[in-house]
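Engineer: Please see the structure below; I have some questions.
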Amino acid sequence: MPEFQRFSYDVLVIGAGGAGLRAAIEAAATGAKVGVVCKSLLGKAHTVMAEGGIAAALANVDDRDNWRVHFSDTMRGGQYLNNWRMAELHAREAPDCVRELEAWGALFDRTKDGRILQRNFGGHRYPRLAHVGDRTGLEMIRTLQDHGIHAGMEVHMECTVLRLLLDGGQIAGACGYDREKGRFYLWQAKAVVLATGGIGRAYKITSNSWEYTGDGLALAYHAGAELQDMEFVQFHPTGMVWPISVRGILVTEGVRGEGGVLRNSEGRRFMFDDIPDLYKEQTADTEEEGWRYTQGDKNARRPPELLTRDHVARCINREVKAGRGSPHGGVYLDISWIKKHLPKSEEHIKRKLPSMYHQFKQLADLDITQEQMEVGPTTHYVMGGIRVDGDTQMSTVPGLFAAGEVAAGLHGANRLGGNSLSDLLVFGRRAGRYAAEFAKTRAAATVDEQQLQATAAAALAPFDRGPAGENPYQIQYDLQDTMQDLVGIVRTEQEMQQALAAIEKFRARAERIGVVGNREYNNGWHTSVDVTNLIIVSEAVTRAALMRKESRGAQFREDFPNKDAEWGKYNIVVKSGADGAMQVEKIALSPMPDELKAVIEEMK
Amino acid sequence: MATQATFRIWRGDPAGGAFQDYSTPVEEGMVVLDAVHRIQAQQANDLAVRWNCKAGKCGSCSAEINGTPKLMCMTRLSNINLEMPVILEPMRTFPLIRDLVTDVSWNFRAKKTIRPFRPRLPDSPDGTWRMQQADVERVQEFRKCIECFLCQDVCHVLREHHKQDEFIGPRLLVHAAALEMHPLDAEDRVSDLRRKHNIGYCNITTCCRQVCPESITITENAIIPLKERVVDQFFDPLKQLFHIL
């Protein structure tokens, strides 16, 4: 019988990206005993890759900005399926969260008068993104990490969580193993915050790191929590397309915010050809007006390259399909052209977009100050996630909280760039606070020892099958191919039914996974756990996308190409049924208070 | 470019190990980590390798490639001679866990010994601070660090002399520099740098700066100015004379 190392906490945070660290800091500040479990080393989580910035209506660059504009931009971007309460809290609290980060040592780029500089981004009416060149995520995670290690939390690095434990329907903690030695751990806790991020690794072309295997979603699903909006997966319009080995790596929207333009193989700025009605009034008529906007002219409107990500991704897809793409199956993104307007454009680009310069120079042998980049859509973010209460971030399972990408609600059908980093701060803080509060009201829960042993036994089963079993890497590759081809940017009923059938086969294969070697840092073993989580989230995405018979935000159905007002009244919710099968249902949106409706009307 | 290449990878744990050769197909644009992944998926499922972002941003996949500390995700095969086997080893300064993965936890423990950021009181009417871009940029260079620990790996004070208990190494000297030169910071770490972190052990051979994947000018911009602060405070001959009188 495997031994478990035992730890006990008031609040256990699973995940150490922006949301997890912010939650842990907040919970620890209340005096709660806090444990953090993460899959990687501290400071390596996917937050590190965020580039563009943190959206917050600080109004440092344009004093017309305020929380009401940010709120209505977020709702418009999400096609009004957002949890309005979360969108409101987010817009109101983001500026304070950014200032807090500065007080903990973050060093943002500055305005001329020495305040935090803000940049333009898609879907945001005013320059709103606090940033550090194009490495804002690194600044954020390092600030939280360096502050957090002195805040009184115990960190368990490089651990895989296998199961959330319940006691009479309430959360009791989690169990898992450490990657270094493969030792089993029990982390008892009165409250648990999930902050495990997204699901990008369900797709072949993705900007996400290997960690993004939907672990938190699968853990919550098995614990009885509800998942919401899973059909909305964001395809970021600009990922690298060449060389093949770096396909999918993100090219920040900041390139377009700084004046970068998209062109097809004919040299045409195709984004001017298709501007959605919802954004007509806010979009530039001419290339010249668009350029002025990126340079801070308050009377100019934004160029169409800065329309929402779902729309830009589909336009790129259309150009490629119509045979107007670049040699490696993308389109051109050009920032070098600004030399026509700016005398020292080379230095300017290197200062504003240092990581992008570096990334292309080193990985593609291309100098972005002189040449056009080739870019195409890449799986980037899941708007859907665990259904939570807007104020407290508690899921439908008492004591189980979720914050950041793993939670649903803030972004609705499509997320605006920059709103994810602010999401992590605002709702990480809230989840930490309310989890600590919840923990105070409870005595330590009891853990079911039998369940613990059964979990360990199931985790070790692949070793018994050994090399005769299925190769976990191969199942993951096959699953990624299926999701990429059949549940991608453009979806149809028929293809998604095929995907469901394929997912059933992957599930059967996953039950026969074999692992070679021993338990010490065995990537094959880790992948066997990741794959089972990915299969669950892939099924959830597919079933939700099948049910929503319309095109809205990130979901585009070729068989239902239009938006349907009726579907605008519902979120789709997925949960585990009594028989273990996945249940999908639509749930009416909660009615928005009149004050908020008025804000949206006013900003139209 | 060759279509097939051999990778000579260290396989083993603290008890011992050996190099093992793997031959795998290679294509244009591939980096070392791609080849390692291919080998892992097809020939050695249990090959231990640590990686995350595969874009040079997280600093997880540090290893010694043909003897030079590098990030596997940023080393293109087109820049390596593939006529010979490509030698891949774990970072040798840190205790081995298995294969290419080392125990770098010392870095995290050592960081905790450095006094944290302590800002001066806000001095603007809105309760925040004003800072000029030029002042911020100096520190932003240090804050580019992705904590890949390649500089720690190559530092002879740590690698050859094993002074981990006394010396914090280049990465953490950069961290200390970022704090000391932060426009808002009011803490004083100069005495610690001399007595607790033993900055004097560094004899500025610039090995660390040469392997930094973020091109941080570690020696000249971070370590030497800190050394100067230590000298100013403790070894100024005029001050010493004054002290004696």
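Chain lettering (A, B, ...) mirrors the order of the structure tokens, residue numbering begins at 1 for each chain separately, and ligand numbering begins at 1 in order of display.
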If we count only C-alpha atoms and set the cut-off at 8 Å, which residues sit around Gly176 of chain A, ignoring sequence neighbours fewer than 4 positions away in its own chain? Please answer as a JSON list (two decimals) with N, CA and C atoms, in the first residue's frame.
Structural biologist:
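File written: result-v3.json
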```json
[["chain", "number", "residue", "atom", "x", "y", "z"],
["A", 159, "CYS", "N", 4.46, 19.06, -8.61],
["A", 159, "CYS", "CA", 3.56, 18.00, -8.16],
["A", 159, "CYS", "C", 2.37, 17.88, -9.11],
["A", 160, "THR", "N", 1.90, 16.67, -9.30],
["A", 160, "THR", "CA", 0.69, 16.43, -10.07],
["A", 160, "THR", "C", -0.44, 16.13, -9.10],
["A", 161, "VAL", "N", -1.56, 16.82, -9.25],
["A", 161, "VAL", "CA", -2.72, 16.54, -8.39],
["A", 161, "VAL", "C", -3.59, 15.50, -9.11],
["A", 162, "LEU", "N", -3.96, 14.45, -8.38],
["A", 162, "LEU", "CA", -4.72, 13.37, -8.98],
["A", 162, "LEU", "C", -6.22, 13.47, -8.71],
["A", 163, "ARG", "N", -6.58, 14.01, -7.54],
["A", 163, "ARG", "CA", -8.00, 14.02, -7.20],
["A", 163, "ARG", "C", -8.28, 15.06, -6.12],
["A", 184, "PHE", "N", 3.68, 9.84, -3.00],
["A", 184, "PHE", "CA", 2.29, 10.32, -2.91],
["A", 184, "PHE", "C", 2.13, 11.32, -1.77],
["A", 185, "TYR", "N", 1.25, 12.30, -2.00],
["A", 185, "TYR", "CA", 1.00, 13.36, -1.03],
["A", 185, "TYR", "C", -0.49, 13.49, -0.77],
["A", 186, "LEU", "N", -0.80, 13.82, 0.49],
["A", 186, "LEU", "CA", -2.16, 14.22, 0.85],
["A", 186, "LEU", "C", -2.07, 15.64, 1.38]]
```
Engineer: Just want the 12 Å neighbourhood of Leu81 of chain A, counted on only C-alpha atoms, with same-chain residues fewer than 2 positions away dropped. Output as a JSON list (two decimals) with C-alpha atoms, in the first residue's frame.
Structural biologist:
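Just written: part_27.json:
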```json
[["chain", "number", "residue", "atom", "x", "y", "z"],
["A", 74, "THR", "CA", -15.62, 43.67, -21.86],
["A", 75, "MET", "CA", -19.33, 42.91, -22.24],
["A", 76, "ARG", "CA", -19.32, 43.87, -25.92],
["A", 77, "GLY", "CA", -16.24, 41.72, -26.52],
["A", 78, "GLY", "CA", -17.92, 38.79, -24.76],
["A", 79, "GLN", "CA", -21.09, 39.24, -26.84],
["A", 83, "ASN", "CA", -21.26, 37.10, -15.95],
["A", 84, "TRP", "CA", -22.04, 40.83, -15.63],
["A", 85, "ARG", "CA", -21.17, 40.89, -11.95],
["A", 86, "MET", "CA", -17.66, 39.62, -12.69],
["A", 87, "ALA", "CA", -17.27, 42.09, -15.55],
["A", 228, "GLN", "CA", -19.66, 26.67, -18.25],
["A", 229, "ASP", "CA", -19.08, 28.23, -21.70],
["A", 232, "PHE", "CA", -15.70, 29.25, -26.38],
["A", 383, "MET", "CA", -13.19, 31.52, -21.98],
["A", 384, "GLY", "CA", -15.12, 28.66, -20.41],
["A", 408, "ALA", "CA", -15.66, 30.95, -16.38],
["A", 409, "GLY", "CA", -17.77, 34.07, -16.57],
["A", 410, "LEU", "CA", -15.72, 37.21, -17.00],
["A", 411, "HIS", "CA", -15.04, 36.87, -20.70],
["A", 412, "GLY", "CA", -18.30, 35.45, -22.07],
["A", 413, "ALA", "CA", -17.97, 34.36, -25.70],
["A", 414, "ASN", "CA", -14.65, 36.08, -26.36],
["A", 415, "ARG", "CA", -11.91, 37.58, -24.21],
["A", 552, "ARG", "CA", -21.10, 33.96, -31.58],
["A", 553, "GLY", "CA", -17.75, 35.22, -30.32],
["A", 554, "ALA", "CA", -15.13, 32.51, -30.54],
["A", 565, "ALA", "CA", -30.78, 36.27, -30.37],
["A", 566, "GLU", "CA", -32.44, 33.34, -28.62],
["A", 567, "TRP", "CA", -29.06, 31.70, -27.91],
["A", 568, "GLY", "CA", -27.87, 35.01, -26.49],
["A", 569, "LYS", "CA", -30.02, 34.29, -23.44],
["A", 570, "TYR", "CA", -28.17, 31.18, -22.31],
["A", 571, "ASN", "CA", -24.92, 29.80, -21.04],
["A", 572, "ILE", "CA", -24.19, 26.14, -21.65],
["A", 587, "ILE", "CA", -29.03, 27.77, -18.29],
["A", 588, "ALA", "CA", -30.62, 31.19, -18.59],
["A", 589, "LEU", "CA", -28.37, 34.20, -17.93],
["A", 590, "SER", "CA", -29.16, 36.02, -14.73],
["A", 591, "PRO", "CA", -30.90, 39.34, -15.43],
["A", 592, "MET", "CA", -28.62, 42.38, -15.47]]
```
Engineer: Compare B:Asp192, B:Glu83, B:Asp21, B:Glu147 by their minimum atom-to-atom distance to chain A, counting only C-alpha atoms, and give me the closest one.
Structural biologist: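 Of all the options, B:Glu147 lies closest to chain A.
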Engineer: Can you pull out the residues contacting Asp215 of chain A? Cut-off 8 Å, using only C-alpha atoms, and skip same-chain residues under 2 positions away; I want them as a tab-separated table (two decimals) with all heavy atoms, in the first residue's frame.
Structural biologist:
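Result file follows (selection_34.tsv):
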```tsv
chain	number	residue	atom	x	y	z
A	196	THR	N	-5.49	26.57	-12.15
A	196	THR	CA	-4.64	25.71	-12.97
A	196	THR	C	-4.58	26.12	-14.44
A	196	THR	O	-3.95	25.43	-15.23
A	196	THR	CB	-5.15	24.26	-12.90
A	196	THR	OG1	-6.53	24.28	-13.28
A	196	THR	CG2	-5.04	23.71	-11.50
A	212	TYR	N	-0.76	23.18	-19.85
A	212	TYR	CA	-2.15	23.54	-20.06
A	212	TYR	C	-3.00	22.38	-20.52
A	212	TYR	O	-3.44	22.31	-21.66
A	212	TYR	CB	-2.19	24.71	-21.05
A	212	TYR	CG	-2.32	26.01	-20.30
A	212	TYR	CD1	-1.66	26.19	-19.10
A	212	TYR	CD2	-3.12	27.04	-20.77
A	212	TYR	CE1	-1.79	27.35	-18.38
A	212	TYR	CE2	-3.25	28.21	-20.06
A	212	TYR	CZ	-2.58	28.36	-18.87
A	212	TYR	OH	-2.74	29.51	-18.16
A	213	THR	N	-3.21	21.44	-19.60
A	213	THR	CA	-3.93	20.22	-19.95
A	213	THR	C	-5.27	20.12	-19.24
A	213	THR	O	-5.78	19.02	-19.04
A	213	THR	CB	-3.06	18.98	-19.65
A	213	THR	OG1	-2.57	19.08	-18.29
A	213	THR	CG2	-1.87	18.91	-20.58
A	217	LEU	N	-10.01	21.77	-14.52
A	217	LEU	CA	-11.36	21.53	-15.02
A	217	LEU	C	-11.76	20.08	-14.80
A	217	LEU	O	-12.87	19.78	-14.36
A	217	LEU	CB	-11.43	21.87	-16.51
A	217	LEU	CG	-11.17	23.34	-16.83
A	217	LEU	CD1	-10.86	23.54	-18.29
A	217	LEU	CD2	-12.39	24.16	-16.43
A	218	ALA	N	-10.84	19.16	-15.07
A	218	ALA	CA	-11.15	17.74	-14.90
A	218	ALA	C	-11.31	17.41	-13.41
A	218	ALA	O	-12.22	16.68	-13.02
A	218	ALA	CB	-10.04	16.89	-15.53
A	219	LEU	N	-10.44	17.96	-12.57
A	219	LEU	CA	-10.55	17.71	-11.13
A	219	LEU	C	-11.89	18.20	-10.60
A	219	LEU	O	-12.59	17.50	-9.85
A	219	LEU	CB	-9.42	18.43	-10.37
A	219	LEU	CG	-7.99	17.90	-10.55
A	219	LEU	CD1	-6.98	18.88	-9.97
A	219	LEU	CD2	-7.84	16.53	-9.92
A	530	ASP	N	-2.08	13.63	-17.68
A	530	ASP	CA	-2.50	14.78	-18.49
A	530	ASP	C	-3.53	14.37	-19.55
A	530	ASP	O	-4.53	15.05	-19.77
A	530	ASP	CB	-1.30	15.40	-19.23
A	530	ASP	CG	-0.28	16.01	-18.28
A	530	ASP	OD1	-0.63	16.24	-17.11
A	530	ASP	OD2	0.86	16.26	-18.71
A	533	ASN	N	-7.08	13.95	-18.42
A	533	ASN	CA	-7.72	15.26	-18.20
A	533	ASN	C	-8.11	15.90	-19.53
A	533	ASN	O	-9.19	16.47	-19.67
A	533	ASN	CB	-6.77	16.20	-17.43
A	533	ASN	CG	-6.54	15.72	-16.01
A	533	ASN	OD1	-7.36	15.00	-15.45
A	533	ASN	ND2	-5.42	16.10	-15.43
A	534	LEU	N	-7.20	15.80	-20.51
A	534	LEU	CA	-7.47	16.42	-21.81
A	534	LEU	C	-8.68	15.78	-22.50
A	534	LEU	O	-9.43	16.45	-23.20
A	534	LEU	CB	-6.24	16.28	-22.72
A	534	LEU	CG	-5.14	17.31	-22.49
A	534	LEU	CD1	-3.91	16.95	-23.33
A	534	LEU	CD2	-5.62	18.71	-22.82
```
Engineer: Rank nothing, just name the residue among B:Arg92, B:His156, B:His175, B:Lys163 nearest to chain A, using only C-alpha atoms.
Structural biologist: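 The shortest atom-to-atom distance to chain A comes from B:His175.
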Engineer: Residues of segment 117-315 of chain A in alpha helix (DSSP H) according to DSSP, as a PyMOL selection string?
Structural biologist: chain A and resi 136-148+215-222+254-257+287-294+309-315
Engineer: Store the residues picked out above, limited to C-alpha atoms, as a PDB file, in the first residue's frame.
Structural biologist:
```pdb
ATOM      1  CA  THR A 136       4.377  41.904 -18.880  1.00  0.00           C
ATOM      2  CA  GLY A 137       3.570  38.371 -17.733  1.00  0.00           C
ATOM      3  CA  LEU A 138       7.131  37.770 -16.566  1.00  0.00           C
ATOM      4  CA  GLU A 139       7.059  41.031 -14.600  1.00  0.00           C
ATOM      5  CA  MET A 140       3.784  40.031 -13.018  1.00  0.00           C
ATOM      6  CA  ILE A 141       4.698  36.509 -12.019  1.00  0.00           C
ATOM      7  CA  ARG A 142       8.129  37.486 -10.721  1.00  0.00           C
ATOM      8  CA  THR A 143       6.629  40.294  -8.631  1.00  0.00           C
ATOM      9  CA  LEU A 144       4.035  37.945  -7.132  1.00  0.00           C
ATOM     10  CA  GLN A 145       6.620  35.204  -6.620  1.00  0.00           C
ATOM     11  CA  ASP A 146       9.151  37.460  -4.889  1.00  0.00           C
ATOM     12  CA  HIS A 147       6.443  39.004  -2.729  1.00  0.00           C
ATOM     13  CA  GLY A 148       4.821  35.629  -2.069  1.00  0.00           C
ATOM     14  CA  ASP A 215      -6.260  19.590 -14.947  1.00  0.00           C
ATOM     15  CA  GLY A 216      -8.327  21.934 -12.795  1.00  0.00           C
ATOM     16  CA  LEU A 217     -11.362  21.529 -15.022  1.00  0.00           C
ATOM     17  CA  ALA A 218     -11.145  17.742 -14.898  1.00  0.00           C
ATOM     18  CA  LEU A 219     -10.548  17.712 -11.128  1.00  0.00           C
ATOM     19  CA  ALA A 220     -13.531  20.002 -10.529  1.00  0.00           C
ATOM     20  CA  TYR A 221     -15.706  18.020 -12.930  1.00  0.00           C
ATOM     21  CA  HIS A 222     -15.013  14.790 -11.040  1.00  0.00           C
ATOM     22  CA  GLY A 254       1.059  44.530 -28.997  1.00  0.00           C
ATOM     23  CA  VAL A 255       2.635  44.379 -32.475  1.00  0.00           C
ATOM     24  CA  ARG A 256      -0.647  45.590 -33.912  1.00  0.00           C
ATOM     25  CA  GLY A 257      -1.142  47.982 -30.985  1.00  0.00           C
ATOM     26  CA  GLU A 287      -5.112  53.515 -43.189  1.00  0.00           C
ATOM     27  CA  GLU A 288      -3.950  56.969 -42.272  1.00  0.00           C
ATOM     28  CA  GLU A 289      -6.563  57.326 -39.494  1.00  0.00           C
ATOM     29  CA  GLY A 290      -5.595  53.899 -38.149  1.00  0.00           C
ATOM     30  CA  TRP A 291      -1.949  54.914 -37.936  1.00  0.00           C
ATOM     31  CA  ARG A 292      -2.815  58.107 -36.077  1.00  0.00           C
ATOM     32  CA  TYR A 293      -4.805  56.041 -33.546  1.00  0.00           C
ATOM     33  CA  THR A 294      -1.834  53.825 -32.748  1.00  0.00           C
ATOM     34  CA  ARG A 309      -9.493  38.318 -31.678  1.00  0.00           C
ATOM     35  CA  ASP A 310     -12.290  35.999 -32.832  1.00  0.00           C
ATOM     36  CA  HIS A 311     -12.990  38.230 -35.811  1.00  0.00           C
ATOM     37  CA  VAL A 312      -9.360  38.806 -36.812  1.00  0.00           C
ATOM     38  CA  ALA A 313      -8.642  35.056 -36.569  1.00  0.00           C
ATOM     39  CA  ARG A 314     -11.551  34.233 -38.877  1.00  0.00           C
ATOM     40  CA  CYS A 315     -10.512  36.870 -41.415  1.00  0.00           C
TER      41      CYS A 315
END
```
Engineer: Report the closest atom pair, with its distance in Å rounded to one decimal, for each residue of chain A that has an atom no farther than 8 Å from chain B; count only C-alpha atoms, sort by chain and then rising residue number, and write it as JSON lines.
Structural biologist:
```
{"residue": "A:Ser40", "atom": "CA", "partner": "B:Asn52", "partner_atom": "CA", "distance": 7.9}
{"residue": "A:Gly43", "atom": "CA", "partner": "B:Cys58", "partner_atom": "CA", "distance": 7.7}
{"residue": "A:Lys44", "atom": "CA", "partner": "B:Cys58", "partner_atom": "CA", "distance": 5.1}
{"residue": "A:Ala45", "atom": "CA", "partner": "B:Cys58", "partner_atom": "CA", "distance": 7.7}
{"residue": "A:His46", "atom": "CA", "partner": "B:Cys53", "partner_atom": "CA", "distance": 7.2}
{"residue": "A:Val48", "atom": "CA", "partner": "B:Cys58", "partner_atom": "CA", "distance": 6.4}
{"residue": "A:Met49", "atom": "CA", "partner": "B:Lys57", "partner_atom": "CA", "distance": 6.3}
{"residue": "A:Arg99", "atom": "CA", "partner": "B:Thr128", "partner_atom": "CA", "distance": 7.5}
{"residue": "A:Ala103", "atom": "CA", "partner": "B:Pro119", "partner_atom": "CA", "distance": 6.8}
{"residue": "A:Trp104", "atom": "CA", "partner": "B:Phe117", "partner_atom": "CA", "distance": 6.9}
{"residue": "A:Gly105", "atom": "CA", "partner": "B:Phe117", "partner_atom": "CA", "distance": 6.4}
{"residue": "A:Leu107", "atom": "CA", "partner": "B:Val136", "partner_atom": "CA", "distance": 6.6}
{"residue": "A:Phe108", "atom": "CA", "partner": "B:Val136", "partner_atom": "CA", "distance": 7.9}
{"residue": "A:Asp109", "atom": "CA", "partner": "B:Gln133", "partner_atom": "CA", "distance": 6.4}
{"residue": "A:Arg110", "atom": "CA", "partner": "B:Gln133", "partner_atom": "CA", "distance": 5.2}
{"residue": "A:Thr111", "atom": "CA", "partner": "B:Gln133", "partner_atom": "CA", "distance": 7.5}
{"residue": "A:Lys112", "atom": "CA", "partner": "B:Gln132", "partner_atom": "CA", "distance": 7.2}
{"residue": "A:Asp113", "atom": "CA", "partner": "B:Arg130", "partner_atom": "CA", "distance": 7.3}
{"residue": "A:Gly114", "atom": "CA", "partner": "B:Arg130", "partner_atom": "CA", "distance": 4.5}
{"residue": "A:Arg115", "atom": "CA", "partner": "B:Arg130", "partner_atom": "CA", "distance": 5.5}
{"residue": "A:Arg135", "atom": "CA", "partner": "B:Lys144", "partner_atom": "CA", "distance": 7.9}
{"residue": "A:Leu138", "atom": "CA", "partner": "B:Ile146", "partner_atom": "CA", "distance": 7.7}
{"residue": "A:Glu139", "atom": "CA", "partner": "B:Arg143", "partner_atom": "CA", "distance": 7.1}
{"residue": "A:Asp146", "atom": "CA", "partner": "B:Pro116", "partner_atom": "CA", "distance": 7.5}
{"residue": "A:His147", "atom": "CA", "partner": "B:Pro116", "partner_atom": "CA", "distance": 7.4}
{"residue": "A:Ile149", "atom": "CA", "partner": "B:Lys112", "partner_atom": "CA", "distance": 6.9}
{"residue": "A:His150", "atom": "CA", "partner": "B:Lys112", "partner_atom": "CA", "distance": 7.3}
{"residue": "A:Glu180", "atom": "CA", "partner": "B:Ile97", "partner_atom": "CA", "distance": 6.8}
{"residue": "A:Asn208", "atom": "CA", "partner": "B:Cys53", "partner_atom": "CA", "distance": 7.1}
{"residue": "A:Ser209", "atom": "CA", "partner": "B:Cys53", "partner_atom": "CA", "distance": 4.6}
{"residue": "A:Trp210", "atom": "CA", "partner": "B:Asn52", "partner_atom": "CA", "distance": 5.8}
{"residue": "A:Glu211", "atom": "CA", "partner": "B:Asn52", "partner_atom": "CA", "distance": 6.9}
{"residue": "A:Trp242", "atom": "CA", "partner": "B:Gly29", "partner_atom": "CA", "distance": 7.9}
{"residue": "A:Pro243", "atom": "CA", "partner": "B:Gly29", "partner_atom": "CA", "distance": 4.9}
{"residue": "A:Ile244", "atom": "CA", "partner": "B:Gly29", "partner_atom": "CA", "distance": 6.8}
{"residue": "A:Ser245", "atom": "CA", "partner": "B:Met30", "partner_atom": "CA", "distance": 5.6}
{"residue": "A:Val246", "atom": "CA", "partner": "B:Ala55", "partner_atom": "CA", "distance": 7.9}
{"residue": "A:Ile249", "atom": "CA", "partner": "B:Ala55", "partner_atom": "CA", "distance": 7.0}
{"residue": "A:Gln359", "atom": "CA", "partner": "B:Ala55", "partner_atom": "CA", "distance": 7.4}
{"residue": "A:Gln362", "atom": "CA", "partner": "B:Met74", "partner_atom": "CA", "distance": 7.0}
{"residue": "A:Leu363", "atom": "CA", "partner": "B:Met74", "partner_atom": "CA", "distance": 6.9}
{"residue": "A:Ala364", "atom": "CA", "partner": "B:Gly29", "partner_atom": "CA", "distance": 7.2}
{"residue": "A:Tyr473", "atom": "CA", "partner": "B:Ala41", "partner_atom": "CA", "distance": 5.7}
{"residue": "A:Gln474", "atom": "CA", "partner": "B:Ala41", "partner_atom": "CA", "distance": 7.4}
{"residue": "A:Val515", "atom": "CA", "partner": "B:Asn45", "partner_atom": "CA", "distance": 7.5}
{"residue": "A:Val516", "atom": "CA", "partner": "B:Asp46", "partner_atom": "CA", "distance": 6.3}
{"residue": "A:Gly517", "atom": "CA", "partner": "B:Asp46", "partner_atom": "CA", "distance": 5.9}
{"residue": "A:Asn518", "atom": "CA", "partner": "B:Asp46", "partner_atom": "CA", "distance": 8.0}
{"residue": "A:Glu520", "atom": "CA", "partner": "B:Arg98", "partner_atom": "CA", "distance": 7.3}
{"residue": "A:Tyr521", "atom": "CA", "partner": "B:Ala48", "partner_atom": "CA", "distance": 5.7}
{"residue": "A:Asn522", "atom": "CA", "partner": "B:Asp46", "partner_atom": "CA", "distance": 4.9}
{"residue": "A:Asn523", "atom": "CA", "partner": "B:Asp46", "partner_atom": "CA", "distance": 5.6}
{"residue": "A:Gly524", "atom": "CA", "partner": "B:Asn45", "partner_atom": "CA", "distance": 5.2}
{"residue": "A:Trp525", "atom": "CA", "partner": "B:Asp46", "partner_atom": "CA", "distance": 7.6}
```
Engineer: Keeping only C-alpha atoms, write the selected residues as a short mmCIF file (atom, residue, chain, number, x, y, z; two decimals), in the first residue's frame.
Structural biologist:
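Now in again_17.cif:
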```cif
data_model
loop_
_atom_site.label_atom_id
_atom_site.label_comp_id
_atom_site.auth_asym_id
_atom_site.auth_seq_id
_atom_site.Cartn_x
_atom_site.Cartn_y
_atom_site.Cartn_z
CA SER A 40 6.28 23.27 -12.47
CA GLY A 43 7.73 31.27 -11.50
CA LYS A 44 7.54 29.09 -14.62
CA ALA A 45 3.75 28.98 -14.95
CA HIS A 46 2.11 30.02 -18.18
CA VAL A 48 5.16 34.11 -17.74
CA MET A 49 4.30 34.07 -21.43
CA ARG A 99 -1.16 49.80 -8.26
CA ALA A 103 3.81 48.70 -4.58
CA TRP A 104 5.25 45.16 -4.50
CA GLY A 105 8.03 46.10 -6.90
CA LEU A 107 8.28 48.25 -12.82
CA PHE A 108 5.91 49.22 -15.61
CA ASP A 109 6.86 51.40 -18.55
CA ARG A 110 6.21 55.08 -17.78
CA THR A 111 4.41 58.04 -19.26
CA LYS A 112 6.37 61.28 -19.75
CA ASP A 113 5.10 62.57 -16.41
CA GLY A 114 6.25 59.40 -14.66
CA ARG A 115 3.00 57.45 -14.29
CA ARG A 135 7.12 40.78 -21.25
CA LEU A 138 7.13 37.77 -16.57
CA GLU A 139 7.06 41.03 -14.60
CA ASP A 146 9.15 37.46 -4.89
CA HIS A 147 6.44 39.00 -2.73
CA ILE A 149 7.89 33.80 -0.76
CA HIS A 150 8.01 36.26 2.14
CA GLU A 180 10.86 14.25 -8.57
CA ASN A 208 0.16 27.26 -24.49
CA SER A 209 2.89 25.42 -22.60
CA TRP A 210 2.71 21.70 -21.80
CA GLU A 211 1.09 22.44 -18.45
CA TRP A 242 7.15 28.89 -39.44
CA PRO A 243 9.45 27.07 -38.65
CA ILE A 244 7.11 24.12 -38.08
CA SER A 245 8.64 23.35 -34.71
CA VAL A 246 7.61 26.74 -33.30
CA ILE A 249 4.06 30.39 -30.46
CA GLN A 359 11.97 35.46 -30.80
CA GLN A 362 16.52 33.49 -32.92
CA LEU A 363 13.84 31.01 -33.99
CA ALA A 364 13.07 32.09 -37.55
CA TYR A 473 2.31 10.53 -26.02
CA GLN A 474 0.69 8.98 -29.09
CA VAL A 515 4.37 3.37 -18.72
CA VAL A 516 7.98 2.18 -18.76
CA GLY A 517 10.69 2.96 -16.20
CA ASN A 518 10.24 3.96 -12.58
CA GLU A 520 11.24 9.21 -10.63
CA TYR A 521 10.65 12.18 -12.92
CA ASN A 522 8.96 10.00 -15.50
CA ASN A 523 7.45 12.24 -18.17
CA GLY A 524 5.60 9.28 -19.68
CA TRP A 525 3.76 8.76 -16.42
#
```
Engineer: Name all residues at most 6 Å from segment 5-8 of chain B (count only C-alpha atoms; drop same-chain ones fewer than 4 positions away) and give them as a count of residues only.
Structural biologist: 10
Engineer: Any idea what's packed within 7 Å of Phe149 of chain B, counting only C-alpha atoms, ignoring anything in its chain fewer than 3 positions away? Could you give it as a PyMOL selection string?
Structural biologist: chain B and resi 152-153+171
Engineer: Please extract the residues of segment 57-236 of chain B with a backbone DSSP assignment of strand (DSSP E or B) and present them as a list in words.
Structural biologist: Ser62, Ala63, Glu64, Ile65, Thr68, Pro69, Lys70, Leu71, Arg76, Val86, Ile87, Leu88, Glu89, Leu96, Ile97, Arg98, Val101, Thr102, Pro119 and Asp185 of chain B
Engineer: Looking at B:Leu77, B:Ile244, B:Glu64, B:Leu238, which one is nearest to Pro25 of chain B, with distances taken over only C-alpha atoms?
Structural biologist: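 Smallest separation from Pro25 of chain B among the options: B:Leu77.
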Engineer: Please identify all polymer residues within 12 Å of Leu193 of chain B, counting only C-alpha atoms, omitting same-chain residues fewer than 3 positions from it, and present them as a ChimeraX atom specification.
Structural biologist: /B:113-115,166-169,172-177,180,188-190,196-202,223,225-231,233-234
Engineer: Between A:Lys190, A:Gln393, A:Thr252, A:Glu102, single out the one closest to Thr441 of chain A, counting only C-alpha atoms.
Structural biologist: A:Lys190
